[in-house]
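Engineer: Please find target.tsv (TSV, C-alpha atoms) on the next line:
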```tsv
chain	number	residue	atom	x	y	z
A	1	MET	CA	-19.85	125.90	145.82
A	2	ARG	CA	-18.24	123.41	143.43
A	3	ALA	CA	-15.20	124.69	141.57
A	4	PRO	CA	-15.78	124.71	137.82
A	5	GLY	CA	-13.53	122.76	135.52
A	6	THR	CA	-11.52	120.82	138.07
A	7	SER	CA	-11.47	117.35	139.43
A	8	ASP	CA	-11.12	118.78	142.94
A	9	GLY	CA	-14.78	118.92	143.79
A	10	ALA	CA	-14.20	120.17	147.33
A	11	ALA	CA	-12.38	123.34	146.26
A	12	ARG	CA	-14.38	126.54	146.61
A	13	VAL	CA	-14.57	129.76	144.69
A	14	ALA	CA	-13.26	132.63	146.80
A	15	THR	CA	-15.66	135.51	147.26
A	16	VAL	CA	-14.18	138.71	145.89
A	17	LEU	CA	-15.69	141.97	147.01
A	18	PRO	CA	-13.76	145.03	145.84
A	19	GLU	CA	-16.47	147.19	147.44
A	20	LEU	CA	-18.93	146.83	150.29
A	21	ARG	CA	-22.30	148.54	150.00
A	22	PHE	CA	-23.99	150.13	152.98
A	23	GLY	CA	-27.27	151.40	151.55
A	24	GLY	CA	-26.18	153.68	148.70
A	25	LEU	CA	-22.66	154.08	150.03
A	26	ALA	CA	-19.87	152.03	148.42
A	27	VAL	CA	-16.83	151.48	150.63
A	28	PRO	CA	-13.57	149.83	149.44
A	29	THR	CA	-13.47	146.40	151.09
A	30	HIS	CA	-9.75	146.40	151.88
A	31	GLY	CA	-9.86	149.87	153.43
A	32	PHE	CA	-12.99	148.98	155.40
A	33	PHE	CA	-11.40	145.96	157.08
A	34	VAL	CA	-8.13	147.81	157.68
A	35	GLY	CA	-10.13	150.62	159.30
A	36	LEU	CA	-12.13	148.15	161.39
A	37	GLY	CA	-8.88	146.46	162.41
A	38	VAL	CA	-7.33	149.78	163.46
A	39	LEU	CA	-10.48	150.65	165.43
A	40	LEU	CA	-10.52	147.31	167.26
A	41	ALA	CA	-6.78	147.56	167.91
A	42	ALA	CA	-7.32	151.02	169.43
A	43	VAL	CA	-10.05	149.65	171.73
A	44	VAL	CA	-7.85	146.71	172.84
A	45	PHE	CA	-4.89	149.08	173.38
A	46	VAL	CA	-6.95	151.44	175.58
A	47	LEU	CA	-8.39	148.53	177.62
A	48	GLU	CA	-4.94	147.01	178.08
A	49	ALA	CA	-3.42	150.38	179.03
A	50	ARG	CA	-6.14	150.87	181.65
A	51	ARG	CA	-5.70	147.34	182.99
A	52	ARG	CA	-1.95	147.85	183.38
A	53	GLY	CA	-2.30	151.40	184.68
A	54	ALA	CA	-0.08	152.75	181.88
A	55	PRO	CA	0.46	156.55	181.93
A	56	HIS	CA	-1.92	158.35	179.53
A	57	GLU	CA	0.53	160.81	178.03
A	58	GLU	CA	3.30	158.33	177.32
A	59	SER	CA	0.81	155.82	175.87
A	60	LEU	CA	-0.60	158.47	173.54
A	61	VAL	CA	2.89	159.42	172.40
A	62	ALA	CA	3.64	155.75	171.71
A	63	VAL	CA	0.41	155.40	169.70
A	64	ALA	CA	1.24	158.50	167.65
A	65	GLY	CA	4.73	157.13	166.97
A	66	ALA	CA	3.33	153.73	165.97
A	67	LEU	CA	0.72	155.15	163.62
A	68	VAL	CA	3.01	157.64	161.90
A	69	GLY	CA	5.87	155.13	161.71
A	70	GLY	CA	3.50	152.44	160.41
A	71	ALA	CA	2.00	154.71	157.74
A	72	ILE	CA	5.48	155.74	156.54
A	73	GLY	CA	7.02	152.28	156.89
A	74	MET	CA	4.40	150.50	154.80
A	75	ARG	CA	4.94	153.05	152.03
A	76	LEU	CA	8.73	153.03	152.09
A	77	SER	CA	9.04	149.24	152.19
A	78	GLY	CA	9.42	149.17	148.39
A	79	TRP	CA	12.65	151.13	148.75
A	80	ALA	CA	14.73	147.98	149.36
A	81	GLU	CA	13.26	145.46	146.93
A	82	HIS	CA	16.56	144.49	145.33
A	83	LEU	CA	20.05	143.82	146.69
A	84	ASP	CA	21.46	145.83	143.80
A	85	PRO	CA	20.88	149.45	144.89
A	86	HIS	CA	20.64	150.59	141.25
A	87	LEU	CA	17.45	148.55	140.77
A	88	ASN	CA	15.71	150.08	143.78
A	89	PRO	CA	13.61	153.22	143.57
A	90	THR	CA	14.71	156.42	145.26
A	91	LEU	CA	13.17	157.29	148.64
A	92	LEU	CA	10.83	159.75	146.89
A	93	GLU	CA	9.75	157.16	144.31
A	94	ALA	CA	9.20	154.56	147.02
A	95	TRP	CA	7.13	157.08	148.97
A	96	MET	CA	4.97	157.90	145.97
A	97	PHE	CA	4.70	154.47	144.37
A	98	GLY	CA	5.70	151.99	147.05
A	99	SER	CA	3.69	148.97	148.10
A	100	ARG	CA	1.61	148.69	151.25
A	101	SER	CA	3.54	146.05	153.14
A	102	ILE	CA	2.44	144.83	156.56
A	103	LEU	CA	6.02	143.94	157.46
A	104	GLY	CA	7.13	147.42	156.43
A	105	GLY	CA	4.28	148.89	158.46
A	106	LEU	CA	5.14	146.88	161.58
A	107	THR	CA	8.84	147.74	161.30
A	108	GLY	CA	7.97	151.39	160.79
A	109	ALA	CA	5.63	151.30	163.79
A	110	TYR	CA	8.37	149.79	165.97
A	111	VAL	CA	10.88	152.44	164.92
A	112	GLY	CA	8.19	155.15	165.28
A	113	VAL	CA	7.54	154.17	168.90
A	114	LEU	CA	11.27	154.21	169.69
A	115	ILE	CA	11.67	157.68	168.16
A	116	ALA	CA	8.52	159.05	169.85
A	117	LYS	CA	9.65	157.77	173.25
A	118	ARG	CA	13.13	159.21	172.69
A	119	ILE	CA	11.63	162.63	171.86
A	120	ILE	CA	9.77	162.81	175.17
A	121	GLY	CA	12.48	160.99	177.13
A	122	TYR	CA	10.29	158.06	178.19
A	123	ARG	CA	12.15	154.82	179.02
A	124	GLY	CA	9.25	152.55	179.98
A	125	LYS	CA	8.19	149.55	177.88
A	126	THR	CA	5.02	149.90	175.80
A	127	GLY	CA	5.23	146.82	173.56
A	128	ASP	CA	3.03	144.68	175.81
A	129	LEU	CA	0.18	147.15	175.26
A	130	PHE	CA	0.57	146.85	171.49
A	131	ALA	CA	0.93	143.06	171.15
A	132	PRO	CA	-2.71	141.96	171.70
A	133	ALA	CA	-3.99	145.06	169.88
A	134	VAL	CA	-1.87	144.36	166.80
A	135	ALA	CA	-2.87	140.68	166.79
A	136	LEU	CA	-6.60	141.40	166.80
A	137	GLY	CA	-6.27	144.32	164.39
A	138	MET	CA	-4.36	142.20	161.89
A	139	ALA	CA	-6.84	139.33	162.18
A	140	VAL	CA	-9.58	141.69	161.03
A	141	GLY	CA	-7.45	143.53	158.48
A	142	ARG	CA	-6.43	140.30	156.76
A	143	ILE	CA	-10.08	139.53	155.99
A	144	GLY	CA	-9.91	142.52	153.64
A	145	CYS	CA	-6.80	141.03	151.99
A	146	PHE	CA	-8.57	137.68	151.53
A	147	LEU	CA	-11.53	139.36	149.85
A	148	THR	CA	-9.47	141.47	147.43
A	149	GLU	CA	-6.08	139.87	146.72
A	150	ALA	CA	-4.71	136.72	145.10
A	151	PRO	CA	-5.34	134.06	147.77
A	152	GLY	CA	-2.17	131.95	147.52
A	153	ARG	CA	-0.17	129.30	145.70
A	154	PRO	CA	-1.78	126.26	144.05
A	155	THR	CA	-2.77	123.42	146.36
A	156	GLY	CA	-4.53	120.06	146.18
A	157	LEU	CA	-5.80	120.41	149.74
A	158	PRO	CA	-9.59	120.16	150.16
A	159	TRP	CA	-9.95	123.72	151.46
A	160	GLY	CA	-8.22	125.26	148.43
A	161	VAL	CA	-10.06	128.15	146.81
A	162	HIS	CA	-10.46	129.33	143.23
A	163	ALA	CA	-10.04	133.03	142.55
A	164	PRO	CA	-12.35	134.72	140.05
A	165	ALA	CA	-10.73	136.32	137.02
A	166	SER	CA	-11.06	139.76	138.64
A	167	VAL	CA	-8.45	138.92	141.30
A	168	PRO	CA	-4.95	140.30	140.58
A	169	GLU	CA	-2.59	137.86	138.92
A	170	CYS	CA	-0.48	135.82	141.29
A	171	PRO	CA	2.96	134.40	140.41
A	172	GLY	CA	2.82	130.66	139.86
A	173	CYS	CA	-0.96	130.45	139.79
A	174	VAL	CA	-2.47	128.08	137.25
A	175	ALA	CA	-5.89	128.86	135.81
A	176	GLY	CA	-8.55	126.54	137.17
A	177	GLN	CA	-6.37	125.25	140.00
A	178	ALA	CA	-7.28	125.59	143.66
A	179	MET	CA	-5.10	127.87	145.78
A	180	HIS	CA	-4.22	128.16	149.46
A	181	PRO	CA	-6.48	130.64	151.33
A	182	SER	CA	-3.25	132.01	152.84
A	183	PHE	CA	-4.87	135.11	154.37
A	184	LEU	CA	-7.31	132.92	156.28
A	185	TYR	CA	-4.35	131.02	157.72
A	186	GLU	CA	-3.09	134.35	159.02
A	187	VAL	CA	-6.51	135.32	160.39
A	188	ALA	CA	-6.50	132.03	162.35
A	189	PHE	CA	-2.94	132.63	163.57
A	190	GLN	CA	-3.65	136.19	164.72
A	191	LEU	CA	-6.83	135.16	166.56
A	192	ALA	CA	-4.94	132.32	168.27
A	193	ALA	CA	-2.11	134.76	169.11
A	194	PHE	CA	-4.61	137.23	170.58
A	195	LEU	CA	-6.10	134.55	172.84
A	196	ALA	CA	-2.65	133.23	173.77
A	197	LEU	CA	-1.45	136.73	174.68
A	198	ARG	CA	-4.48	137.24	176.92
A	199	TRP	CA	-3.70	133.94	178.62
A	200	ALA	CA	0.00	134.72	178.96
A	201	ARG	CA	-0.24	138.35	180.11
A	202	ASP	CA	-0.49	137.40	183.79
A	203	ARG	CA	2.23	134.79	183.47
A	204	VAL	CA	4.88	136.82	181.64
A	205	VAL	CA	5.26	139.77	183.95
A	206	ARG	CA	8.63	141.14	182.88
A	207	PRO	CA	7.86	144.29	180.84
A	208	GLY	CA	8.28	143.90	177.08
A	209	GLU	CA	8.53	140.11	177.01
A	210	LEU	CA	4.95	139.55	175.83
A	211	PHE	CA	5.75	141.74	172.83
A	212	THR	CA	8.98	139.82	172.19
A	213	LEU	CA	7.08	136.52	172.23
A	214	TYR	CA	4.46	137.86	169.81
A	215	VAL	CA	7.07	139.24	167.40
A	216	GLY	CA	8.95	135.93	167.50
A	217	ALA	CA	5.82	133.87	166.90
A	218	TYR	CA	4.66	136.10	164.05
A	219	ALA	CA	8.10	136.09	162.41
A	220	VAL	CA	8.15	132.27	162.40
A	221	PHE	CA	4.53	132.01	161.23
A	222	ARG	CA	4.97	134.62	158.50
A	223	PHE	CA	8.13	132.92	157.20
A	224	LEU	CA	6.26	129.61	156.96
A	225	VAL	CA	2.99	130.98	155.55
A	226	GLU	CA	4.93	132.71	152.78
A	227	PHE	CA	5.33	129.23	151.24
A	228	THR	CA	1.56	129.35	150.60
A	229	ARG	CA	1.35	133.04	149.62
A	230	ALA	CA	1.14	134.31	146.05
A	231	ASN	CA	4.23	136.50	146.44
A	232	GLU	CA	7.01	136.39	143.85
A	233	THR	CA	10.07	134.31	144.74
A	234	VAL	CA	13.31	136.18	144.14
A	235	TRP	CA	16.18	133.88	145.18
A	236	LEU	CA	16.48	130.25	146.36
A	237	ASP	CA	12.69	129.95	146.06
A	238	LEU	CA	12.17	132.42	148.86
A	239	THR	CA	10.03	135.56	148.64
A	240	ARG	CA	11.11	139.10	149.56
A	241	PRO	CA	9.28	138.96	152.93
A	242	GLN	CA	11.11	135.72	153.72
A	243	TRP	CA	14.49	137.28	152.95
A	244	PHE	CA	13.50	140.27	155.08
A	245	LEU	CA	12.59	137.86	157.90
A	246	VAL	CA	15.79	135.76	157.80
A	247	PRO	CA	17.94	138.24	159.80
A	248	GLY	CA	14.92	139.08	161.92
A	249	LEU	CA	14.45	135.42	162.84
A	250	VAL	CA	18.10	135.12	163.85
A	251	LEU	CA	17.86	138.21	166.07
A	252	VAL	CA	14.58	137.20	167.67
A	253	SER	CA	15.89	133.66	168.29
A	254	ILE	CA	18.94	135.02	170.11
A	255	ARG	CA	16.67	137.32	172.13
A	256	LEU	CA	14.26	134.49	173.05
A	257	VAL	CA	17.12	132.19	174.13
A	258	TYR	CA	18.48	135.08	176.23
A	259	GLY	CA	15.06	135.57	177.85
A	260	HIS	CA	14.57	131.84	178.38
A	261	ARG	CA	17.94	131.45	180.11
A	262	ARG	CA	17.08	134.27	182.48
A	263	GLY	CA	13.75	132.69	183.33
A	264	TYR	CA	11.51	135.36	181.75
A	265	TYR	CA	9.14	132.69	180.42
A	266	ASP	CA	9.29	130.18	183.27
A	267	MET	CA	5.74	130.94	184.34
A	268	LEU	CA	4.56	129.80	180.91
A	269	VAL	CA	5.88	126.31	181.60
A	270	HIS	CA	4.53	126.11	185.16
A	271	LYS	CA	7.75	126.86	186.98
A	272	ARG	CA	5.88	128.81	189.63
A	273	ASP	CA	8.49	130.28	191.87
A	274	SER	CA	8.05	133.49	193.77
A	275	ARG	CA	11.74	134.26	193.34
A	276	ILE	CA	11.27	134.18	189.56
A	277	ASN	CA	8.32	136.53	189.91
A	278	ARG	CA	10.35	138.97	191.92
A	279	ARG	CA	13.23	138.77	189.47
A	280	GLN	CA	10.90	139.48	186.54
A	281	GLU	CA	9.30	142.41	188.28
A	282	GLU	CA	12.63	144.11	188.85
A	283	GLY	CA	11.90	145.85	185.57
A	284	ALA	CA	13.77	146.76	182.44
A	285	SER	CA	14.60	149.68	180.22
A	286	GLY	CA	14.91	150.41	176.49
A	287	GLY	CA	12.76	149.23	173.44
A	288	PRO	CA	8.99	149.31	173.05
B	1	MET	CA	-4.01	166.02	177.12
B	2	VAL	CA	-6.33	163.45	175.54
B	3	ALA	CA	-8.93	166.21	174.95
B	4	THR	CA	-6.41	168.44	173.17
B	5	ALA	CA	-5.25	165.44	171.15
B	6	PHE	CA	-8.83	165.04	169.90
B	7	ALA	CA	-8.80	168.77	169.10
B	8	GLY	CA	-5.58	168.28	167.13
B	9	PHE	CA	-7.13	165.36	165.28
B	10	ALA	CA	-10.19	167.48	164.41
B	11	ALA	CA	-7.92	170.33	163.32
B	12	PHE	CA	-6.09	167.99	160.94
B	13	ILE	CA	-9.37	166.78	159.43
B	14	LEU	CA	-10.35	170.42	158.81
B	15	ILE	CA	-6.94	171.30	157.33
B	16	ASN	CA	-7.06	168.17	155.17
B	17	PHE	CA	-10.56	169.01	153.88
B	18	VAL	CA	-9.69	172.63	153.06
B	19	GLY	CA	-6.39	171.53	151.51
B	20	PHE	CA	-8.21	168.93	149.43
B	21	LEU	CA	-10.60	171.57	148.01
B	22	VAL	CA	-7.78	174.05	147.33
B	23	THR	CA	-5.67	171.32	145.63
B	24	LEU	CA	-8.57	170.30	143.41
B	25	GLY	CA	-9.14	173.94	142.46
B	26	VAL	CA	-5.49	174.53	141.61
B	27	ALA	CA	-5.17	171.21	139.75
B	28	ASP	CA	-8.26	172.12	137.70
B	29	SER	CA	-6.79	175.47	136.74
B	30	VAL	CA	-3.58	174.04	135.24
B	31	ALA	CA	-3.49	172.24	131.90
B	32	GLU	CA	-0.52	169.96	132.58
B	33	ASN	CA	1.47	168.50	135.48
B	34	LYS	CA	-1.56	168.11	137.72
B	35	GLU	CA	0.31	165.39	139.59
B	36	VAL	CA	2.94	167.95	140.60
B	37	VAL	CA	0.22	170.07	142.22
B	38	VAL	CA	-1.07	167.06	144.19
B	39	GLY	CA	2.48	166.02	145.10
B	40	VAL	CA	3.31	169.49	146.44
B	41	ALA	CA	0.01	169.55	148.38
B	42	ALA	CA	0.81	166.11	149.87
B	43	VAL	CA	4.24	167.30	151.00
B	44	ILE	CA	2.77	170.51	152.52
B	45	LEU	CA	0.09	168.49	154.34
B	46	ALA	CA	2.67	166.05	155.73
B	47	ALA	CA	4.92	168.97	156.77
B	48	ILE	CA	2.03	170.64	158.64
B	49	ALA	CA	0.94	167.42	160.37
B	50	LEU	CA	4.30	165.81	161.11
B	51	GLY	CA	6.66	168.80	161.24
B	52	GLY	CA	4.10	170.96	163.01
B	53	GLY	CA	3.11	168.07	165.28
B	54	VAL	CA	6.68	167.36	166.40
B	55	GLY	CA	7.28	171.09	166.86
B	56	LEU	CA	4.21	171.43	169.09
B	57	VAL	CA	5.22	168.36	171.13
B	58	LEU	CA	8.71	169.81	171.63
B	59	LEU	CA	7.21	173.02	173.09
B	60	ARG	CA	6.44	170.74	176.10
B	61	ARG	CA	3.31	172.54	177.24
B	62	PRO	CA	0.38	170.24	178.03
B	63	TRP	CA	-1.96	171.72	175.42
B	64	THR	CA	0.67	171.93	172.66
B	65	LYS	CA	1.69	168.31	173.25
B	66	GLY	CA	-1.88	167.07	172.82
B	67	LEU	CA	-2.46	169.25	169.78
B	68	GLY	CA	0.77	168.08	168.14
B	69	LEU	CA	0.04	164.41	168.82
B	70	GLY	CA	-3.50	164.86	167.46
B	71	LEU	CA	-2.16	166.37	164.21
B	72	MET	CA	0.23	163.45	163.72
B	73	ILE	CA	-2.34	160.80	164.62
B	74	GLY	CA	-4.79	162.48	162.23
B	75	TRP	CA	-2.35	162.36	159.31
B	76	ALA	CA	-1.43	158.72	160.00
B	77	LEU	CA	-5.00	157.51	160.49
B	78	VAL	CA	-6.33	159.34	157.43
B	79	SER	CA	-3.39	157.98	155.37
B	80	ILE	CA	-4.04	154.42	156.53
B	81	LEU	CA	-7.84	154.48	156.36
B	82	SER	CA	-8.10	156.26	152.99
B	83	VAL	CA	-5.22	154.17	151.61
B	84	GLY	CA	-3.34	157.42	151.09
B	85	PHE	CA	-5.94	159.04	148.81
B	86	CYS	CA	-6.90	161.84	151.19
B	87	THR	CA	-3.31	162.70	152.08
B	88	GLY	CA	-1.96	162.39	148.54
B	89	VAL	CA	0.25	159.37	149.11
B	90	ASN	CA	-1.57	156.78	147.00
B	91	PRO	CA	0.22	155.81	143.77
B	92	ASP	CA	-3.09	155.60	141.87
B	93	ILE	CA	-3.46	159.36	142.22
B	94	TYR	CA	-0.38	159.78	140.04
B	95	THR	CA	-0.61	156.77	137.74
B	96	GLY	CA	-4.18	155.47	137.69
B	97	GLY	CA	-5.90	158.34	135.92
B	98	THR	CA	-7.48	159.78	139.06
B	99	LEU	CA	-6.45	163.30	138.06
```
For the structure just supplied, provide its representation as structure tokens.
Structural biologist:
Amino acid sequence: MRAPGTSDGAARVATVLPELRFGGLAVPTHGFFVGLGVLLAAVVFVLEARRRGAPHEESLVAVAGALVGGAIGMRLSGWAEHLDPHLNPTLLEAWMFGSRSILGGLTGAYVGVLIAKRIIGYRGKTGDLFAPAVALGMAVGRIGCFLTEAPGRPTGLPWGVHAPASVPECPGCVAGQAMHPSFLYEVAFQLAAFLALRWARDRVVRPGELFTLYVGAYAVFRFLVEFTRANETVWLDLTRPQWFLVPGLVLVSIRLVYGHRRGYYDMLVHKRDSRINRRQEEGASGGP
Amino acid sequence: MVATAFAGFAAFILINFVGFLVTLGVADSVAENKEVVVGVAAVILAAIALGGGVGLVLLRRPWTKGLGLGLMIGWALVSILSVGFCTGVNPDIYTGGTL
């Protein structure tokens, strides 16, 4: 479809579907894809748990912790929008009126799993079960974002899209100008991450390291893709998610260097050594 | 335990449905501050699902663990899938003229 009123003939008009219709039933598009993503993530989690022989009870506790923590975290993420505490809402206000942030949801899910495992006294790692499930679930969920939210910042690239007037206003958007389909970038990243995790799961055998790699990769990707997102910049031309990610990137970098030095990822770069395998399999304790 | 977790999930759906009808009835019967009624109902629902769920898990019997986990999973899934509408945690309920 040719974009109206621009010289960029290759730009397309984004399809916006606030609702999907199944016969006479109207379903909110965003909720539908989030639900589908959660369902697919659950299937991948169960398959991965079976493949790894993970204990049923502990896995179920971890899932409960992740879901409850995720639901609370995405709601409370608006609690820390400003560095000045006076400008932030109270916990109750954030709960009632907060945004639905993926980063808040993921952080909440991580904390939820830690708390749930602490309650039942389980010390095993569960993150490797979650990593491929989260990747596929988010790939599907982000389709709902693409179909209902402001697509991204203005771009002259040939795959830029125009948003219809019904799409929520995005900071920095110029009427009639093509914008980055930033959610599709994330769909592509998550699908690639899902495939990469499936490839790497037999090569990274130390418990929890697959999850660490996924978190690190997503943190880097999300920081970079924010430069194409329609989110408001708050300081030094960086958005709130980017400022949230800055300390996270430092921590995950330190953790990845630590893992690399101890040979946790050697099998990924073809250093096939049975001694490394044995060292990795000696196990670990702590975190999801 | 997985079977009792499903039972807990079903129990939450039932509690949520009954709570939804009761909340609508009460909100209809008051002239003002309908959002307070929904807010109180949301807090009670979360307390039943999360407080009750954790309590049941801490009893450490196989059937109570499953039931408690099911209650919590039910609250979280319904909150995520209904974007908070069914569990009373969507801002539009209070600001968007839903009431």
Engineer: Give me, as a list of chain:residue names, all polymer residues having an atom no more than 7 Å from Gly68 of chain B, counting only C-alpha atoms and skipping those fewer than 6 positions away in the same chain.
Structural biologist: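 The residues that qualify are B:Gly8, B:Gly52, B:Gly53, B:Val54, B:Leu56, B:Val57.
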Engineer: Would you export the selected residues with C-alpha atoms as a PDB file, in the frame of the given file, please?
Structural biologist:
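Written output follows (selection_14.pdb):
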```
ATOM      1  CA  GLY B   8      -5.580 168.280 167.130  1.00  0.00           C
ATOM      2  CA  GLY B  52       4.100 170.960 163.010  1.00  0.00           C
ATOM      3  CA  GLY B  53       3.110 168.070 165.280  1.00  0.00           C
ATOM      4  CA  VAL B  54       6.680 167.360 166.400  1.00  0.00           C
ATOM      5  CA  LEU B  56       4.210 171.430 169.090  1.00  0.00           C
ATOM      6  CA  VAL B  57       5.220 168.360 171.130  1.00  0.00           C
TER       7      VAL B  57
END
```
Engineer: With distances taken over all atoms listed in the file, which residue among A:Val16, A:Val140, A:Ile119, A:Leu106 lies nearest chain B?
Structural biologist: A:Ile119
Engineer: For a quick test of understanding: name the residues of chain A lying within 12 Å of chain B when counting all atoms listed in the file, and present them as number ranges by chain.
Structural biologist: A: 27-39, 42, 55-76, 92-102, 105, 108-109, 112, 115-121, 141
Engineer: Go ahead and compute the interatomic distance for atom CA of Phe183 of chain A and atom CA of Val220 of chain A, in Å to one decimal.
Structural biologist: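 Straight-line distance from atom CA of Phe183 of chain A to atom CA of Val220 of chain A works out to 15.6 Å.
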Engineer: Could you work out how far atom CA of Val38 of chain B lies from atom CA of Gly25 of chain B, giving the answer in Å with one decimal?
Structural biologist: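 Distance reported for this atom pair: 10.7 Å.
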Engineer: For each of B:Ala41, B:Phe9, B:Cys86, B:Lys34, take the minimum atom-to-atom distance to Val22 of chain B, counting all atoms listed in the file, then give the residue where this is smallest.
Structural biologist: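 Of the candidates, the smallest distance to Val22 of chain B is held by B:Ala41.
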Engineer: Expressed in Å to a single decimal, how great is the separation between atom CA of Ala54 of chain A and atom CA of Thr126 of chain A?
Structural biologist: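 Between atom CA of Ala54 of chain A and atom CA of Thr126 of chain A the gap works out to 8.4 Å.
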Engineer: Considering only C-alpha atoms, return as a ChimeraX atom specification whatever protein or nucleic-acid residues lie within 12 Å of Ala217 of chain A, sequence-local ones (same chain, fewer than 4 positions apart) excluded.
Structural biologist: /A:131,135,186,189-190,192-194,196-197,210-213,221-224,245,248-249,252-253,256
Engineer: Produce the centre coordinates and the three edge lengths, each in Å to one decimal, of the box along x, y and z that contains all listed atoms of segment 121-136 of chain A with 8 Å added on each side, as lines of an AutoDock Vina configuration file.
Structural biologist:
```
center_x = 2.9
center_y = 150.8
center_z = 173.4
size_x = 35.1
size_y = 36.3
size_z = 29.2
```
